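Working notes, beginning with the structure itself.
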2 protein chains.
Amino acid sequence: MIPKYKLIYQDIKENIQSGKYPQNEFLPSENELTKTYHCSRNTLRNALSILATEGVIQPIHGKGVRVIFPPEVEHPNFIYHGIGQFDEALEEDEVALKKFVNVFSELYINEEISKLTTFPINTPIYYVERVRYMDEKPVILHRSYFRQDIAVGLTKRISEASIYNYLKEELKQTIGVTKRTIFVEKATKLDSDLLELEEYDCVVVVVNRTYNGEGIMFEFTESRHNPAYFVYSD
Amino acid sequence: MIPKYKLIYQDIKENIQSGKYPQNEFLPSENELTKTYHCSRNTLRNALSILATEGVIQPIHGKGVRVIFPPEVEHPNFIYHGIGQFDEALEEDEVALKKFVNVFSELYINEEISKLTTFPINTPIYYVERVRYMDEKPVILHRSYFRQDIAVGLTKRISEASIYNYLKEELKQTIGVTKRTIFVEKATKLDSDLLELEEYDCVVVVVNRTYNGEGIMFEFTESRHNPAYFVYSD
DNA sequence: TGGTATTTGTCCGTATGTATC
DNA sequence: GGATACATACGGACAAATACC
């Protein structure tokens with residue numbers, strides 16, 4: 001049962017994307033919208049608040065609610081957009097995507113890795129190292145640490161398919177927040193080899209910490225990107 | 001008059017930061033909190049929803065609301081954190097910050113710049129080019145385009161102080177959403193010279209589009225960062 | 001200048017649904 | 001099943017900003 005406010009949210013969003021509610025124009029007033037959706041003002045405002053935090057609309061006190069969904073910007077080097085839930089996000093796309101699992105191992109967190117990941121020392125971990133390919137070119141090197149007590153039964157085979165699908169479908173885990181940090185590092189020899197870096201001598205490092213639906217951090221991933229194919233939007 | 005839900009939001013956040021509500025523990029139940037704050041459940045949930053979208057807490061249906069405020073992560077190359085409202089964010093800090101205005105000019109948007117900024121052709125613009133220094137080293141080259149009809153009366157002198165202070169204090173403009181895109185480009189000769197790039201042959205480009213409180217995009221800024229000093233957290 | 005209607009912002013109380021223990 | 005806790009939804013009231021006459 002999808003709640004009413006989510007349906008309203010989706011409908012308004014589609015109407016914005018389709019152009020029924022154009023850029024820089026105002027939406028119909030909240031009073032009108034409650035009539036068209038046969039709902040209370042609270043429910044409608046619940047839907048609107050999601051769009052507002054997404055940055056799709058901007059309510060202006062006493063005036064109305066303006067649409068500020070911006071046109072997508074093109075980049076000369078645009079290829080990869082969106083980070084983190086790479087699997088789900090792009091599985092549908094028609095791009096030639098592949099991944100290759102270099103390393104799959106089980107280990108216990110030692111002091112050094114604890115410092116990096118903030119997992120407590122001696123936590124049992126699945127360590128997965130994967131390379132992402134796009135159009136036959138390696139673009140990202142992922143180094144992931146999953147808590148064994150949450151990603152129970154993870155295998156190399158599953159890592160080659162979709163870890164997130166496994167977590168959600170098999171383990172019924174819900175995925176919560178992801179916290180992200182981005183910076184640049186000089187490329188190591190390993191980076192250069194695995195990512196076939198040519199024009200760049202550095203990599204973009206994206207660190208993701210993912211929490212499950214219970215607020216437990218269960219994944220730490222360091223993704224090393226070929227700068228030529230890196231684009232991030234918030 | 002600060003609304004009640006914001007006071008509650010601030011109070012809970014402070015209690016989390018002070019450790020009164022510890023990491024990975026649950027907050028008191030919504031019912032209890034409504035009693036301590038003498039408010040309705042709606043008002044309290046309004047406050048909680050802000051904390052949830054900030055990623056500070058995570059509500060779990062039927063169980064409680066968990067604190068997931070994570071410890072700040074250190075970077076070996078950590079210096080600069082936070083982008084965009086650089087002025088306000090760091091003016092208080094004790095770091096040796098300076099900026100130097102290279103170019104200040106008035107111009108009309110032409111076809112090429114319109115493509116870049118999405119401002120309509122012939123829009124009157126203030127163009128500002130600034131270099132950011134930190135501890136005497138140049139770290140960021142900013143190229144900003146401000147709509148003249150919104151940033152009325154902007155001058156070179158103001159740009160050397162704080163443009164945002166001017167917008168807010170003098171022009172009584174309210175600042176709305178900022179949309180951001182990050183990617184990497186090969187450094188130009190100009191980048192290398194102005195930013196004194198040494199170990200890197202590239203720059204991190206952060207594109208900011210800033211909207212005012214009315215939902216009008218009035219600023220487009222392309223910030224070219226020295227990768228050695230670039231760290232971004234979301 | 002001022003008053004009125006419109007529109008969003010804040011706040012309350014209540015009822016019911018659903019997940020967890 | 002019952003108690004607790006969060007999620008959804010309704011309706012009403014008043015405040016504050018804006019627009020318009």
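Ordering of the structure tokens sets the chain letters (A, B, ...), residue numbers begin anew at 1 in every chain, and ligands are numbered from 1 in the order given.
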Residues near DC10 (chain D), cut-off 10 Å, only C-alpha atoms (C1' of nucleotides), skip fewer than 4 positions along chain, as a list in words: Cys39, Ser40, Arg41, Asn42 and Thr43 of chain A; DT14 and DA15 of chain C
DSSP on the backbone: which residues in chain A end up as strand (DSSP E)? Give the answer as a PyMOL selection string. chain A and resi 57-60+64-67+80-81+97-108+124-134+137-147+175-186+202-212+217-225+230-233
May I ask you to extract the residues of chain D within 12 Å of chain B, using only C-alpha atoms (C1' of nucleotides), and to give them as a PDB file with N, CA, C and O atoms (P, O5', C5', C4', C3', O3' and C1' of nucleotides), in the first residue's frame?
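Output file iface_9.pdb is given in full below:
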```pdb
ATOM      1  P    DA D   3      -2.712  -3.848  26.852  1.00  0.00           P
ATOM      2  O5'  DA D   3      -1.258  -3.256  26.629  1.00  0.00           O
ATOM      3  C5'  DA D   3      -0.150  -3.852  27.308  1.00  0.00           C
ATOM      4  C4'  DA D   3       1.139  -3.181  26.858  1.00  0.00           C
ATOM      5  C3'  DA D   3       1.058  -1.652  26.736  1.00  0.00           C
ATOM      6  O3'  DA D   3       2.219  -1.083  27.329  1.00  0.00           O
ATOM      7  C1'  DA D   3       1.758  -2.589  24.677  1.00  0.00           C
ATOM      8  P    DT D   4       2.380   0.513  27.295  1.00  0.00           P
ATOM      9  O5'  DT D   4       3.417   0.737  26.108  1.00  0.00           O
ATOM     10  C5'  DT D   4       4.604  -0.053  26.061  1.00  0.00           C
ATOM     11  C4'  DT D   4       5.375   0.277  24.797  1.00  0.00           C
ATOM     12  C3'  DT D   4       5.469   1.770  24.478  1.00  0.00           C
ATOM     13  O3'  DT D   4       6.834   2.098  24.275  1.00  0.00           O
ATOM     14  C1'  DT D   4       4.748   0.566  22.575  1.00  0.00           C
ATOM     15  P    DA D   5       7.239   3.617  24.011  1.00  0.00           P
ATOM     16  O5'  DA D   5       7.361   3.675  22.434  1.00  0.00           O
ATOM     17  C5'  DA D   5       8.274   2.799  21.786  1.00  0.00           C
ATOM     18  C4'  DA D   5       8.278   3.095  20.294  1.00  0.00           C
ATOM     19  C3'  DA D   5       8.158   4.584  19.968  1.00  0.00           C
ATOM     20  O3'  DA D   5       9.137   4.974  19.032  1.00  0.00           O
ATOM     21  C1'  DA D   5       6.477   3.352  18.833  1.00  0.00           C
ATOM     22  P    DC D   6       9.229   6.515  18.560  1.00  0.00           P
ATOM     23  O5'  DC D   6       8.862   6.435  17.018  1.00  0.00           O
ATOM     24  C5'  DC D   6       9.657   5.612  16.183  1.00  0.00           C
ATOM     25  C4'  DC D   6       8.893   5.275  14.923  1.00  0.00           C
ATOM     26  C3'  DC D   6       8.627   6.475  13.998  1.00  0.00           C
ATOM     27  O3'  DC D   6       8.892   6.077  12.660  1.00  0.00           O
ATOM     28  C1'  DC D   6       6.611   5.370  14.457  1.00  0.00           C
ATOM     29  P    DA D   7       8.535   7.035  11.451  1.00  0.00           P
ATOM     30  O5'  DA D   7       7.069   6.570  11.022  1.00  0.00           O
ATOM     31  C5'  DA D   7       6.924   5.363  10.298  1.00  0.00           C
ATOM     32  C4'  DA D   7       5.693   5.430   9.387  1.00  0.00           C
ATOM     33  C3'  DA D   7       5.575   6.707   8.570  1.00  0.00           C
ATOM     34  O3'  DA D   7       5.129   6.355   7.271  1.00  0.00           O
ATOM     35  C1'  DA D   7       3.672   6.480   9.952  1.00  0.00           C
ATOM     36  P    DT D   8       4.845   7.478   6.196  1.00  0.00           P
ATOM     37  O5'  DT D   8       3.280   7.690   6.347  1.00  0.00           O
ATOM     38  C5'  DT D   8       2.431   6.612   6.021  1.00  0.00           C
ATOM     39  C4'  DT D   8       0.998   7.011   6.244  1.00  0.00           C
ATOM     40  C3'  DT D   8       0.541   8.248   5.451  1.00  0.00           C
ATOM     41  O3'  DT D   8      -0.561   7.850   4.656  1.00  0.00           O
ATOM     42  C1'  DT D   8      -0.170   8.356   7.699  1.00  0.00           C
ATOM     43  P    DA D   9      -1.110   8.809   3.507  1.00  0.00           P
ATOM     44  O5'  DA D   9      -2.257   9.612   4.253  1.00  0.00           O
ATOM     45  C5'  DA D   9      -3.383   8.902   4.727  1.00  0.00           C
ATOM     46  C4'  DA D   9      -4.246   9.826   5.551  1.00  0.00           C
ATOM     47  C3'  DA D   9      -4.443  11.225   4.962  1.00  0.00           C
ATOM     48  O3'  DA D   9      -5.739  11.282   4.399  1.00  0.00           O
ATOM     49  C1'  DA D   9      -4.154  11.236   7.346  1.00  0.00           C
ATOM     50  P    DA D  15      -3.409  35.198  15.380  1.00  0.00           P
ATOM     51  O5'  DA D  15      -1.984  35.060  14.688  1.00  0.00           O
ATOM     52  C5'  DA D  15      -1.094  34.056  15.137  1.00  0.00           C
ATOM     53  C4'  DA D  15       0.139  34.019  14.259  1.00  0.00           C
ATOM     54  C3'  DA D  15       0.609  35.379  13.755  1.00  0.00           C
ATOM     55  O3'  DA D  15       2.025  35.390  13.748  1.00  0.00           O
ATOM     56  C1'  DA D  15       0.101  34.010  11.906  1.00  0.00           C
ATOM     57  P    DA D  16       2.800  36.767  13.476  1.00  0.00           P
ATOM     58  O5'  DA D  16       3.220  36.596  11.954  1.00  0.00           O
ATOM     59  C5'  DA D  16       4.038  35.488  11.583  1.00  0.00           C
ATOM     60  C4'  DA D  16       4.347  35.570  10.095  1.00  0.00           C
ATOM     61  C3'  DA D  16       4.705  36.969   9.604  1.00  0.00           C
ATOM     62  O3'  DA D  16       5.748  36.851   8.657  1.00  0.00           O
ATOM     63  C1'  DA D  16       2.868  36.157   8.376  1.00  0.00           C
TER      64       DA D  16
END
```
Taking only C-alpha atoms into account, find every residue of chain A that has an atom no more than 9 Å from chain B, and write it out as a PyMOL selection string. chain A and resi 24+53+55+57-60+65-68+70-71+73-75+77+116+118+176-186+199-202+204+211+213-217+227-234
Could you build a table of the residues in chain C lying no more than 8 Å from chain B, giving for each the nearest pair of atoms and their separation in Å rounded to one decimal place, using only C-alpha atoms (C1' of nucleotides), ordered by chain and ascending residue number, as a tab-separated table?
```
residue	atom	partner	partner_atom	distance
C:DT10	C1'	B:Pro3	CA	7.2
C:DC11	C1'	B:Thr43	CA	6.8
C:DC12	C1'	B:Ser40	CA	6.2
C:DA19	C1'	B:Gly62	CA	4.7
C:DT20	C1'	B:Gly62	CA	4.8
```
Name the residues of region 82-224 of chain B that fall into alpha helix (DSSP H) according to DSSP on the backbone, using the chain letters and numbers of this document, as a list in words. Phe86, Asp87, Glu88, Ala89, Leu90, Glu91, Glu111, Glu112, Ile113, Ser114, Lys115, Leu116, Thr117, Lys156, Arg157, Ile158, Ser159, Glu160, Ile163, Tyr164, Asn165, Lys189, Leu190, Asp191, Ser192, Asp193, Leu194 and Leu195 of chain B
Check the smallest atom-to-atom distance from each of A:Leu27, A:His38, A:Pro22, A:Ala151 to Ile8 (chain A) using only C-alpha atoms, then report the winner. A:His38
Distance CA of Asp135 (chain A)-CA of Glu169 (chain A), one decimal place?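 CA of Glu169 (chain A) lies at a distance of 28.3 Å from CA of Asp135 (chain A).
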